[in-house]
$ cat query-v1.pdb   # PDB, C-alpha atoms
MODEL        1
ATOM      1  CA  MET O  64     -50.104  19.200  45.518  1.00  0.00           C
ATOM      2  CA  GLY O  65     -48.409  15.985  44.642  1.00  0.00           C
ATOM      3  CA  ILE O  66     -47.603  12.359  45.065  1.00  0.00           C
ATOM      4  CA  ALA O  67     -45.587  11.349  48.139  1.00  0.00           C
ATOM      5  CA  ASN O  68     -41.934  10.673  47.364  1.00  0.00           C
ATOM      6  CA  PHE O  69     -42.236   7.197  48.921  1.00  0.00           C
ATOM      7  CA  SER O  70     -45.144   6.228  46.631  1.00  0.00           C
ATOM      8  CA  ASN O  71     -45.411   2.655  45.302  1.00  0.00           C
ATOM      9  CA  TYR O  72     -48.474   3.380  43.194  1.00  0.00           C
ATOM     10  CA  THR O  73     -46.881   2.716  39.789  1.00  0.00           C
ATOM     11  CA  LYS O  74     -45.822  -0.706  41.064  1.00  0.00           C
ATOM     12  CA  TYR O  75     -49.272  -1.706  42.389  1.00  0.00           C
ATOM     13  CA  LYS O  76     -51.882   0.066  40.265  1.00  0.00           C
ATOM     14  CA  ASP O  77     -52.138  -2.688  37.621  1.00  0.00           C
ATOM     15  CA  LEU O  78     -52.498  -5.345  40.336  1.00  0.00           C
ATOM     16  CA  ILE O  79     -55.332  -3.360  41.954  1.00  0.00           C
ATOM     17  CA  ASN O  80     -57.050  -2.828  38.593  1.00  0.00           C
ATOM     18  CA  ALA O  81     -56.807  -6.556  37.882  1.00  0.00           C
ATOM     19  CA  LEU O  82     -59.003  -7.314  40.927  1.00  0.00           C
ATOM     20  CA  PRO O  83     -62.695  -8.076  40.357  1.00  0.00           C
ATOM     21  CA  ALA O  84     -65.083  -5.283  41.434  1.00  0.00           C
ATOM     22  CA  ALA O  85     -66.468  -7.596  44.141  1.00  0.00           C
ATOM     23  CA  TYR O  86     -63.080  -8.568  45.606  1.00  0.00           C
ATOM     24  CA  THR O  87     -62.830 -10.237  49.032  1.00  0.00           C
ATOM     25  CA  ASP O  88     -60.742  -9.212  52.058  1.00  0.00           C
ATOM     26  CA  GLU O  89     -58.493 -12.217  51.408  1.00  0.00           C
ATOM     27  CA  MET O  90     -57.712 -10.974  47.888  1.00  0.00           C
ATOM     28  CA  ILE O  91     -56.229  -7.729  49.158  1.00  0.00           C
ATOM     29  CA  GLN O  92     -54.735  -9.036  52.422  1.00  0.00           C
ATOM     30  CA  SER O  93     -52.630 -11.373  50.307  1.00  0.00           C
ATOM     31  CA  GLU O  94     -48.948 -11.951  49.524  1.00  0.00           C
ATOM     32  CA  GLU O  95     -49.456  -9.955  46.339  1.00  0.00           C
ATOM     33  CA  PHE O  96     -50.027  -6.739  48.303  1.00  0.00           C
ATOM     34  CA  LEU O  97     -47.884  -7.552  51.358  1.00  0.00           C
ATOM     35  CA  LEU O  98     -45.105  -4.994  51.871  1.00  0.00           C
ATOM     36  CA  GLU O  99     -43.497  -6.498  54.979  1.00  0.00           C
ATOM     37  CA  ARG O 100     -44.128  -9.025  57.708  1.00  0.00           C
ATOM     38  CA  ASP O 101     -42.575  -9.439  61.158  1.00  0.00           C
ATOM     39  CA  GLU O 102     -43.672 -12.861  62.418  1.00  0.00           C
ATOM     40  CA  LYS O 103     -42.138 -12.375  65.863  1.00  0.00           C
ATOM     41  CA  LYS O 104     -44.091  -9.166  66.423  1.00  0.00           C
ATOM     42  CA  LYS O 105     -47.181 -10.572  64.606  1.00  0.00           C
ATOM     43  CA  LEU O 106     -47.197  -7.555  62.267  1.00  0.00           C
ATOM     44  CA  GLU O 107     -48.143  -7.313  58.607  1.00  0.00           C
ATOM     45  CA  ILE O 108     -48.012  -4.182  56.436  1.00  0.00           C
ATOM     46  CA  TYR O 109     -49.971  -4.089  53.173  1.00  0.00           C
ATOM     47  CA  TYR O 110     -49.974  -1.694  50.285  1.00  0.00           C
ATOM     48  CA  ALA O 111     -52.796   0.852  49.922  1.00  0.00           C
ATOM     49  CA  PRO O 112     -52.704   3.990  47.756  1.00  0.00           C
ATOM     50  CA  PHE O 113     -52.696   6.635  50.520  1.00  0.00           C
ATOM     51  CA  GLU O 114     -49.949   8.607  48.829  1.00  0.00           C
ATOM     52  CA  TYR O 115     -51.385  11.991  47.862  1.00  0.00           C
ATOM     53  CA  VAL O 116     -49.892  14.992  49.678  1.00  0.00           C
ATOM     54  CA  ASN O 117     -51.672  18.343  49.810  1.00  0.00           C
ATOM     55  CA  GLU O 118     -48.604  20.556  50.124  1.00  0.00           C
ATOM     56  CA  ARG O 119     -50.706  23.732  50.509  1.00  0.00           C
ATOM     57  CA  ALA O 120     -52.674  22.425  53.504  1.00  0.00           C
ATOM     58  CA  LYS O 121     -53.173  24.697  56.512  1.00  0.00           C
ATOM     59  CA  VAL O 122     -54.253  21.775  58.722  1.00  0.00           C
ATOM     60  CA  VAL O 123     -52.943  18.199  58.894  1.00  0.00           C
ATOM     61  CA  ILE O 124     -55.112  15.604  60.671  1.00  0.00           C
ATOM     62  CA  VAL O 125     -53.101  12.532  61.647  1.00  0.00           C
ATOM     63  CA  GLY O 126     -54.224   9.035  62.605  1.00  0.00           C
ATOM     64  CA  ILE O 127     -52.185   5.890  63.370  1.00  0.00           C
ATOM     65  CA  THR O 128     -52.695   3.791  60.235  1.00  0.00           C
ATOM     66  CA  PRO O 129     -55.461   3.168  57.690  1.00  0.00           C
ATOM     67  CA  GLY O 130     -57.652   0.265  58.827  1.00  0.00           C
ATOM     68  CA  LEU O 131     -59.070  -2.539  56.689  1.00  0.00           C
ATOM     69  CA  HIS O 132     -62.223  -0.493  55.969  1.00  0.00           C
ATOM     70  CA  GLN O 133     -60.164   2.411  54.596  1.00  0.00           C
ATOM     71  CA  MET O 134     -57.914   0.010  52.703  1.00  0.00           C
ATOM     72  CA  LYS O 135     -60.949  -1.503  50.925  1.00  0.00           C
ATOM     73  CA  LYS O 136     -62.338   1.957  50.194  1.00  0.00           C
ATOM     74  CA  SER O 137     -59.016   2.982  48.624  1.00  0.00           C
ATOM     75  CA  TYR O 138     -58.862  -0.100  46.362  1.00  0.00           C
ATOM     76  CA  SER O 139     -62.496   0.380  45.264  1.00  0.00           C
ATOM     77  CA  THR O 140     -61.800   4.037  44.459  1.00  0.00           C
ATOM     78  CA  VAL O 141     -58.902   3.059  42.173  1.00  0.00           C
ATOM     79  CA  ILE O 142     -61.017   0.366  40.464  1.00  0.00           C
ATOM     80  CA  ASN O 143     -63.958   2.776  40.006  1.00  0.00           C
ATOM     81  CA  ALA O 144     -61.673   5.440  38.521  1.00  0.00           C
ATOM     82  CA  LYS O 145     -60.623   3.068  35.732  1.00  0.00           C
ATOM     83  CA  GLY O 146     -61.453   4.484  32.329  1.00  0.00           C
ATOM     84  CA  HIS O 147     -62.445   7.985  33.419  1.00  0.00           C
ATOM     85  CA  ILE O 148     -59.560   9.307  35.572  1.00  0.00           C
ATOM     86  CA  HIS O 149     -56.255   8.844  33.788  1.00  0.00           C
ATOM     87  CA  ILE O 150     -53.768  10.829  35.877  1.00  0.00           C
ATOM     88  CA  ASP O 151     -52.211   9.037  38.861  1.00  0.00           C
ATOM     89  CA  GLU O 152     -52.164  12.173  41.024  1.00  0.00           C
ATOM     90  CA  GLU O 153     -55.910  12.719  40.478  1.00  0.00           C
ATOM     91  CA  ILE O 154     -56.684   9.092  41.352  1.00  0.00           C
ATOM     92  CA  LEU O 155     -54.652   9.366  44.567  1.00  0.00           C
ATOM     93  CA  LEU O 156     -56.448  12.616  45.461  1.00  0.00           C
ATOM     94  CA  GLU O 157     -59.785  10.854  44.897  1.00  0.00           C
ATOM     95  CA  VAL O 158     -58.646   8.040  47.239  1.00  0.00           C
ATOM     96  CA  LYS O 159     -57.890  10.573  50.001  1.00  0.00           C
ATOM     97  CA  LYS O 160     -61.238  12.348  49.532  1.00  0.00           C
ATOM     98  CA  LYS O 161     -63.269   9.126  49.576  1.00  0.00           C
ATOM     99  CA  SER O 162     -61.445   7.307  52.393  1.00  0.00           C
ATOM    100  CA  SER O 163     -60.509   9.884  55.041  1.00  0.00           C
ATOM    101  CA  PHE O 164     -62.193   9.442  58.414  1.00  0.00           C
ATOM    102  CA  GLU O 165     -65.568   8.663  56.893  1.00  0.00           C
ATOM    103  CA  GLY O 166     -68.573   7.499  58.884  1.00  0.00           C
ATOM    104  CA  PRO O 167     -69.241   8.173  62.604  1.00  0.00           C
ATOM    105  CA  MET O 168     -65.581   9.039  63.194  1.00  0.00           C
ATOM    106  CA  ARG O 169     -65.844  12.055  60.877  1.00  0.00           C
ATOM    107  CA  LYS O 170     -68.984  13.247  62.676  1.00  0.00           C
ATOM    108  CA  ASN O 171     -67.226  13.098  66.075  1.00  0.00           C
ATOM    109  CA  LEU O 172     -64.116  14.772  64.661  1.00  0.00           C
ATOM    110  CA  VAL O 173     -66.100  17.665  63.164  1.00  0.00           C
ATOM    111  CA  GLN O 174     -68.116  18.138  66.365  1.00  0.00           C
ATOM    112  CA  MET O 175     -64.961  18.514  68.494  1.00  0.00           C
ATOM    113  CA  LEU O 176     -63.096  20.746  66.018  1.00  0.00           C
ATOM    114  CA  ASP O 177     -66.112  23.041  65.677  1.00  0.00           C
ATOM    115  CA  GLU O 178     -66.378  23.270  69.454  1.00  0.00           C
ATOM    116  CA  LEU O 179     -62.759  24.477  69.517  1.00  0.00           C
ATOM    117  CA  GLY O 180     -63.627  27.102  66.893  1.00  0.00           C
ATOM    118  CA  LEU O 181     -61.179  25.880  64.246  1.00  0.00           C
ATOM    119  CA  HIS O 182     -63.673  26.631  61.463  1.00  0.00           C
ATOM    120  CA  GLU O 183     -63.702  30.318  62.429  1.00  0.00           C
ATOM    121  CA  TYR O 184     -59.923  30.607  62.069  1.00  0.00           C
ATOM    122  CA  LEU O 185     -60.128  28.912  58.672  1.00  0.00           C
ATOM    123  CA  GLY O 186     -63.027  31.074  57.468  1.00  0.00           C
ATOM    124  CA  VAL O 187     -65.446  28.199  56.837  1.00  0.00           C
ATOM    125  CA  SER O 188     -68.921  27.596  58.264  1.00  0.00           C
ATOM    126  CA  SER O 189     -67.944  24.230  59.817  1.00  0.00           C
ATOM    127  CA  THR O 190     -64.901  21.949  59.751  1.00  0.00           C
ATOM    128  CA  LEU O 191     -67.181  19.551  57.874  1.00  0.00           C
ATOM    129  CA  ASP O 192     -66.321  21.735  54.840  1.00  0.00           C
ATOM    130  CA  LEU O 193     -62.742  20.405  55.063  1.00  0.00           C
ATOM    131  CA  PHE O 194     -64.086  17.135  53.668  1.00  0.00           C
ATOM    132  CA  ASN O 195     -66.012  18.882  50.885  1.00  0.00           C
ATOM    133  CA  GLU O 196     -65.524  22.273  49.229  1.00  0.00           C
ATOM    134  CA  ALA O 197     -62.684  23.375  51.562  1.00  0.00           C
ATOM    135  CA  SER O 198     -60.627  20.173  51.123  1.00  0.00           C
ATOM    136  CA  HIS O 199     -57.736  22.303  49.743  1.00  0.00           C
ATOM    137  CA  LEU O 200     -57.150  23.490  53.349  1.00  0.00           C
ATOM    138  CA  VAL O 201     -56.583  20.041  54.839  1.00  0.00           C
ATOM    139  CA  HIS O 202     -54.233  17.101  54.490  1.00  0.00           C
ATOM    140  CA  THR O 203     -55.281  13.827  56.119  1.00  0.00           C
ATOM    141  CA  SER O 204     -52.548  11.399  56.980  1.00  0.00           C
ATOM    142  CA  SER O 205     -51.328   8.592  59.254  1.00  0.00           C
ATOM    143  CA  VAL O 206     -48.003   8.195  61.009  1.00  0.00           C
ATOM    144  CA  LEU O 207     -47.959   4.786  59.298  1.00  0.00           C
ATOM    145  CA  ALA O 208     -49.028   5.535  55.719  1.00  0.00           C
ATOM    146  CA  TYR O 209     -49.870   1.930  54.828  1.00  0.00           C
ATOM    147  CA  PRO O 210     -52.348  -0.392  56.600  1.00  0.00           C
ATOM    148  CA  VAL O 211     -50.705  -2.223  59.502  1.00  0.00           C
ATOM    149  CA  PHE O 212     -52.276  -5.281  61.102  1.00  0.00           C
ATOM    150  CA  TYR O 213     -51.317  -6.830  64.434  1.00  0.00           C
ATOM    151  CA  ASN O 214     -52.353 -10.444  64.845  1.00  0.00           C
ATOM    152  CA  GLY O 215     -54.687 -10.007  61.853  1.00  0.00           C
ATOM    153  CA  LYS O 216     -56.512  -6.997  63.351  1.00  0.00           C
ATOM    154  CA  ASN O 217     -56.164  -3.238  62.707  1.00  0.00           C
ATOM    155  CA  TYR O 218     -53.080  -2.019  64.601  1.00  0.00           C
ATOM    156  CA  SER O 219     -53.972   0.492  67.355  1.00  0.00           C
ATOM    157  CA  GLY O 220     -50.500   1.909  68.017  1.00  0.00           C
ATOM    158  CA  THR O 221     -50.187   0.286  71.448  1.00  0.00           C
ATOM    159  CA  THR O 222     -49.027  -3.328  71.028  1.00  0.00           C
ATOM    160  CA  PRO O 223     -46.256  -3.623  69.985  1.00  0.00           C
ATOM    161  CA  ASN O 224     -44.902  -0.218  71.062  1.00  0.00           C
ATOM    162  CA  ILE O 225     -44.915   1.967  67.945  1.00  0.00           C
ATOM    163  CA  LEU O 226     -41.603   3.757  68.617  1.00  0.00           C
ATOM    164  CA  LYS O 227     -39.752   0.716  69.964  1.00  0.00           C
ATOM    165  CA  THR O 228     -40.520  -1.504  66.968  1.00  0.00           C
ATOM    166  CA  GLU O 229     -37.885  -1.129  64.243  1.00  0.00           C
ATOM    167  CA  LEU O 230     -40.209  -2.068  61.370  1.00  0.00           C
ATOM    168  CA  LEU O 231     -42.820   0.506  62.375  1.00  0.00           C
ATOM    169  CA  LYS O 232     -40.253   3.206  63.088  1.00  0.00           C
ATOM    170  CA  LYS O 233     -38.772   2.705  59.630  1.00  0.00           C
ATOM    171  CA  TYR O 234     -42.185   3.361  58.044  1.00  0.00           C
ATOM    172  CA  ILE O 235     -42.690   6.469  60.197  1.00  0.00           C
ATOM    173  CA  MET O 236     -39.325   7.943  59.200  1.00  0.00           C
ATOM    174  CA  ASP O 237     -39.440   6.968  55.505  1.00  0.00           C
ATOM    175  CA  GLY O 238     -43.111   7.916  55.148  1.00  0.00           C
ATOM    176  CA  PHE O 239     -44.756  10.446  57.447  1.00  0.00           C
ATOM    177  CA  ALA O 240     -41.560  12.286  58.453  1.00  0.00           C
ATOM    178  CA  THR O 241     -40.738  13.075  54.802  1.00  0.00           C
ATOM    179  CA  GLU O 242     -44.386  13.821  53.931  1.00  0.00           C
ATOM    180  CA  ILE O 243     -44.852  16.403  56.691  1.00  0.00           C
ATOM    181  CA  GLY O 244     -41.659  18.171  55.581  1.00  0.00           C
ATOM    182  CA  ALA O 245     -43.320  19.040  52.253  1.00  0.00           C
ATOM    183  CA  ILE O 246     -46.009  21.156  53.986  1.00  0.00           C
ATOM    184  CA  ASP O 247     -45.186  24.654  55.272  1.00  0.00           C
ATOM    185  CA  ARG O 248     -45.838  25.084  59.044  1.00  0.00           C
ATOM    186  CA  PRO O 249     -49.263  23.419  59.177  1.00  0.00           C
ATOM    187  CA  LEU O 250     -51.408  23.062  62.292  1.00  0.00           C
ATOM    188  CA  ILE O 251     -51.057  19.351  63.150  1.00  0.00           C
ATOM    189  CA  ILE O 252     -53.921  17.552  64.886  1.00  0.00           C
ATOM    190  CA  PRO O 253     -52.923  14.131  66.280  1.00  0.00           C
ATOM    191  CA  LEU O 254     -55.834  11.771  66.884  1.00  0.00           C
ATOM    192  CA  GLY O 255     -55.140  10.175  70.253  1.00  0.00           C
ATOM    193  CA  VAL O 256     -52.184   9.605  72.563  1.00  0.00           C
ATOM    194  CA  ASN O 257     -50.221   7.158  70.398  1.00  0.00           C
ATOM    195  CA  VAL O 258     -50.127   9.594  67.470  1.00  0.00           C
ATOM    196  CA  SER O 259     -49.122  12.398  69.875  1.00  0.00           C
ATOM    197  CA  LYS O 260     -46.195  10.272  71.098  1.00  0.00           C
ATOM    198  CA  VAL O 261     -44.910   9.873  67.554  1.00  0.00           C
ATOM    199  CA  LEU O 262     -45.302  13.602  66.786  1.00  0.00           C
ATOM    200  CA  ASN O 263     -43.477  14.574  69.998  1.00  0.00           C
ATOM    201  CA  TYR O 264     -40.652  12.237  68.992  1.00  0.00           C
ATOM    202  CA  LEU O 265     -40.474  13.820  65.502  1.00  0.00           C
ATOM    203  CA  ALA O 266     -40.502  17.304  67.065  1.00  0.00           C
ATOM    204  CA  ASP O 267     -37.552  16.279  69.281  1.00  0.00           C
ATOM    205  CA  GLN O 268     -35.752  15.177  66.104  1.00  0.00           C
ATOM    206  CA  ASP O 269     -36.539  18.566  64.448  1.00  0.00           C
ATOM    207  CA  TYR O 270     -38.829  17.151  61.759  1.00  0.00           C
ATOM    208  CA  LEU O 271     -41.619  19.464  62.892  1.00  0.00           C
ATOM    209  CA  ASP O 272     -42.305  22.291  65.339  1.00  0.00           C
ATOM    210  CA  SER O 273     -43.886  21.196  68.639  1.00  0.00           C
ATOM    211  CA  ASN O 274     -45.684  24.582  68.870  1.00  0.00           C
ATOM    212  CA  ASN O 275     -47.783  23.588  65.847  1.00  0.00           C
ATOM    213  CA  ILE O 276     -49.158  20.383  67.414  1.00  0.00           C
ATOM    214  CA  LEU O 277     -52.648  20.455  68.958  1.00  0.00           C
ATOM    215  CA  LEU O 278     -51.881  18.146  71.895  1.00  0.00           C
ATOM    216  CA  GLY O 279     -54.691  16.657  73.993  1.00  0.00           C
ATOM    217  CA  PHE O 280     -57.089  15.948  71.129  1.00  0.00           C
ATOM    218  CA  PRO O 281     -58.857  12.591  71.678  1.00  0.00           C
ATOM    219  CA  HIS O 282     -59.243   9.866  69.094  1.00  0.00           C
ATOM    220  CA  PRO O 283     -62.680  10.453  67.512  1.00  0.00           C
ATOM    221  CA  SER O 284     -63.562   6.757  67.209  1.00  0.00           C
ATOM    222  CA  GLY O 285     -66.934   5.799  68.663  1.00  0.00           C
ATOM    223  CA  GLY O 286     -65.088   2.999  70.474  1.00  0.00           C
ATOM    224  CA  ASN O 287     -63.055   5.508  72.509  1.00  0.00           C
ATOM    225  CA  GLY O 288     -65.015   5.617  75.779  1.00  0.00           C
ATOM    226  CA  HIS O 289     -62.735   8.313  77.270  1.00  0.00           C
ATOM    227  CA  ARG O 290     -63.336  10.715  74.360  1.00  0.00           C
ATOM    228  CA  HIS O 291     -65.731  13.161  76.074  1.00  0.00           C
ATOM    229  CA  LYS O 292     -63.792  13.275  79.347  1.00  0.00           C
ATOM    230  CA  GLN O 293     -60.447  13.792  77.602  1.00  0.00           C
ATOM    231  CA  PHE O 294     -61.890  16.520  75.386  1.00  0.00           C
ATOM    232  CA  ALA O 295     -63.458  18.366  78.335  1.00  0.00           C
ATOM    233  CA  GLU O 296     -60.181  18.217  80.307  1.00  0.00           C
ATOM    234  CA  ASN O 297     -58.050  19.556  77.446  1.00  0.00           C
ATOM    235  CA  LYS O 298     -60.522  21.916  75.766  1.00  0.00           C
ATOM    236  CA  GLU O 299     -59.248  25.157  77.273  1.00  0.00           C
ATOM    237  CA  GLN O 300     -55.560  24.490  76.586  1.00  0.00           C
ATOM    238  CA  MET O 301     -56.402  23.463  72.989  1.00  0.00           C
ATOM    239  CA  ARG O 302     -58.392  26.678  72.458  1.00  0.00           C
ATOM    240  CA  LEU O 303     -55.422  28.718  73.712  1.00  0.00           C
ATOM    241  CA  MET O 304     -53.062  26.781  71.459  1.00  0.00           C
ATOM    242  CA  LEU O 305     -55.235  27.544  68.396  1.00  0.00           C
ATOM    243  CA  GLN O 306     -55.337  31.214  69.358  1.00  0.00           C
ATOM    244  CA  ARG O 307     -51.527  31.339  69.661  1.00  0.00           C
ATOM    245  CA  TYR O 308     -50.967  29.364  66.464  1.00  0.00           C
ATOM    246  CA  PHE O 309     -53.241  31.490  64.287  1.00  0.00           C
ATOM    247  CA  SER O 310     -52.081  34.846  65.675  1.00  0.00           C
ATOM    248  CA  LYS O 311     -48.458  33.777  64.992  1.00  0.00           C
ATOM    249  CA  ASP O 312     -49.494  32.502  61.551  1.00  0.00           C
ATOM    250  CA  MET O 313     -51.011  35.905  60.708  1.00  0.00           C
ATOM    251  CA  THR O 314     -47.887  37.808  61.780  1.00  0.00           C
ATOM    252  CA  MET O 315     -45.765  35.491  59.632  1.00  0.00           C
ATOM    253  CA  GLY O 316     -48.053  36.147  56.656  1.00  0.00           C
TER     254      GLY O 316
ENDMDL
END

$ encode --input "query-v1.pdb" --output "structure tokens"
Amino acid sequence: MGIANFSNYTKYKDLINALPAAYTDEMIQSEEFLLERDEKKKLEIYYAPFEYVNERAKVVIVGITPGLHQMKKSYSTVINAKGHIHIDEEILLEVKKKSSFEGPMRKNLVQMLDELGLHEYLGVSSTLDLFNEASHLVHTSSVLAYPVFYNGKNYSGTTPNILKTELLKKYIMDGFATEIGAIDRPLIIPLGVNVSKVLNYLADQDYLDSNNILLGFPHPSGGNGHRHKQFAENKEQMRLMLQRYFSKDMTMG
């Protein structure tokens, strides 16, 4: 367990705690919390405390980037922890617990993972437990650890091209690539095609093992109209991959 080696929390925690409890979007999407901006590409990257790494995780679930909703949830969690949680690592763990894939997205995610039988391999009654009492088994992450906005909206990973944009690639390599290296041979579940592209690239660069990536898993967002079709098409190959991964995992101890 620990804090990511790229963490900026000590630099920003007092600024977050200085915000009023009823802060506005403009207060956090401000110069004060801006990490970088590329005006040509219409990109802005803001700070948010998604910097806890569960190094003992068996499963890593990876999205593109935290959206504005998750960013707000993370700031509120830090503000609410004031006075009763005093250790940075515990605050950052609380942020991960409170902000990861909550709402309808979590419901869709759990439904698909249970259909693949992941919970049986992990010895839990449902993958929903990963967000409650079995949270020690999972690490939730994004290939871009900090919230990225394109043209003022949540960045989807498509425009501009995530691997052909220097600014974004820098954050992938300095953030996610180092973070994943701290976890021993986890099963990696990429949410959607753009995340899969990044993971395949990192596997080619030997940052992770391509055999541990559950390729073909759809993005669980309710807005993804192709979700059911994509899941049905890839279900069998994903089941086989899980079988291979966990039988290999057992032989390796």

$ resolve_selection --input "query-v1.pdb" --expression "the PyMOL selection byres ((chain O and resi 119-125) around 9)" --output "ChimeraX atom specification"
/O:64,116-118,126-128,185,198-206,243,245-254,258

$ resolve_selection --input "query-v1.pdb" --expression "the PyMOL selection byres ((chain O and resi 137) around 8)" --output "ChimeraX atom specification"
/O:111-113,133-136,138-141,158-159,161-162

$ write_last_selection --input "query-v1.pdb" --atoms "C-alpha atoms" --output "compact mmCIF listing (two decimals), keeping the file's coordinate frame"
# COMPACT_ATOMS: atom_id res chain seq x y z
CA ALA O 111 -52.80 0.85 49.92
CA PRO O 112 -52.70 3.99 47.76
CA PHE O 113 -52.70 6.64 50.52
CA GLN O 133 -60.16 2.41 54.60
CA MET O 134 -57.91 0.01 52.70
CA LYS O 135 -60.95 -1.50 50.92
CA LYS O 136 -62.34 1.96 50.19
CA TYR O 138 -58.86 -0.10 46.36
CA SER O 139 -62.50 0.38 45.26
CA THR O 140 -61.80 4.04 44.46
CA VAL O 141 -58.90 3.06 42.17
CA VAL O 158 -58.65 8.04 47.24
CA LYS O 159 -57.89 10.57 50.00
CA LYS O 161 -63.27 9.13 49.58
CA SER O 162 -61.44 7.31 52.39

$ resolve_selection --input "query-v1.pdb" --expression "the PyMOL selection byres ((chain O and resi 291) around 12)" --output "PyMOL selection string"
chain O and resi 171-172+174-175+279-290+292-298

$ atom_distance --input "query-v1.pdb" --atom1 "CA of Tyr270 (chain O)" --atom2 "CA of Gly244 (chain O)"
6.9 Å

$ atom_distance --input "query-v1.pdb" --atom1 "CA of Ala84 (chain O)" --atom2 "CA of Tyr109 (chain O)"
19.2 Å

$ atom_distance --input "query-v1.pdb" --atom1 "CA of Arg302 (chain O)" --atom2 "CA of Leu179 (chain O)"
5.7 Å

$ closest_residue --input "query-v1.pdb" --among "O:Lys160, O:Leu176, O:Leu277, O:Thr241" --to "Leu265 (chain O)" --atoms "only C-alpha atoms"
O:Thr241

$ residues_near_point --input "query-v1.pdb" --point "(-58.4, -9.3, 47.7)" --cutoff "12 Å" --atoms "all atoms listed in the file" --output "PyMOL selection string"
chain O and resi 78-97+109-111+131+134-135+138-139

$ closest_residue --input "query-v1.pdb" --among "O:Tyr218, O:Tyr72, O:Tyr213, O:Tyr234" --to "Tyr115 (chain O)" --atoms "all atoms listed in the file"
O:Tyr72

$ closest_residue --input "query-v1.pdb" --among "O:Ile108, O:Asp77, O:Leu278, O:Glu114" --to "Glu299 (chain O)" --atoms "all atoms listed in the file"
O:Leu278

$ closest_residue --input "query-v1.pdb" --among "O:Val173, O:Asp269, O:Ala144, O:Leu207" --to "Glu157 (chain O)" --atoms "all atoms listed in the file"
O:Ala144

$ residues_near_point --input "query-v1.pdb" --point "(-46.4, -5.7, 71.0)" --cutoff "10 Å" --atoms "only C-alpha atoms" --output "JSON, numbers by chain"
{"O": [103, 104, 105, 106, 213, 214, 218, 220, 221, 222, 223, 224, 225, 227, 228]}

$ residues_around --input "query-v1.pdb" --residues "Gly130 (chain O)" --least-positions-apart "2" --cutoff "6 Å" --atoms "all atoms listed in the file" --output "PyMOL selection string"
chain O and resi 132-133+210+217
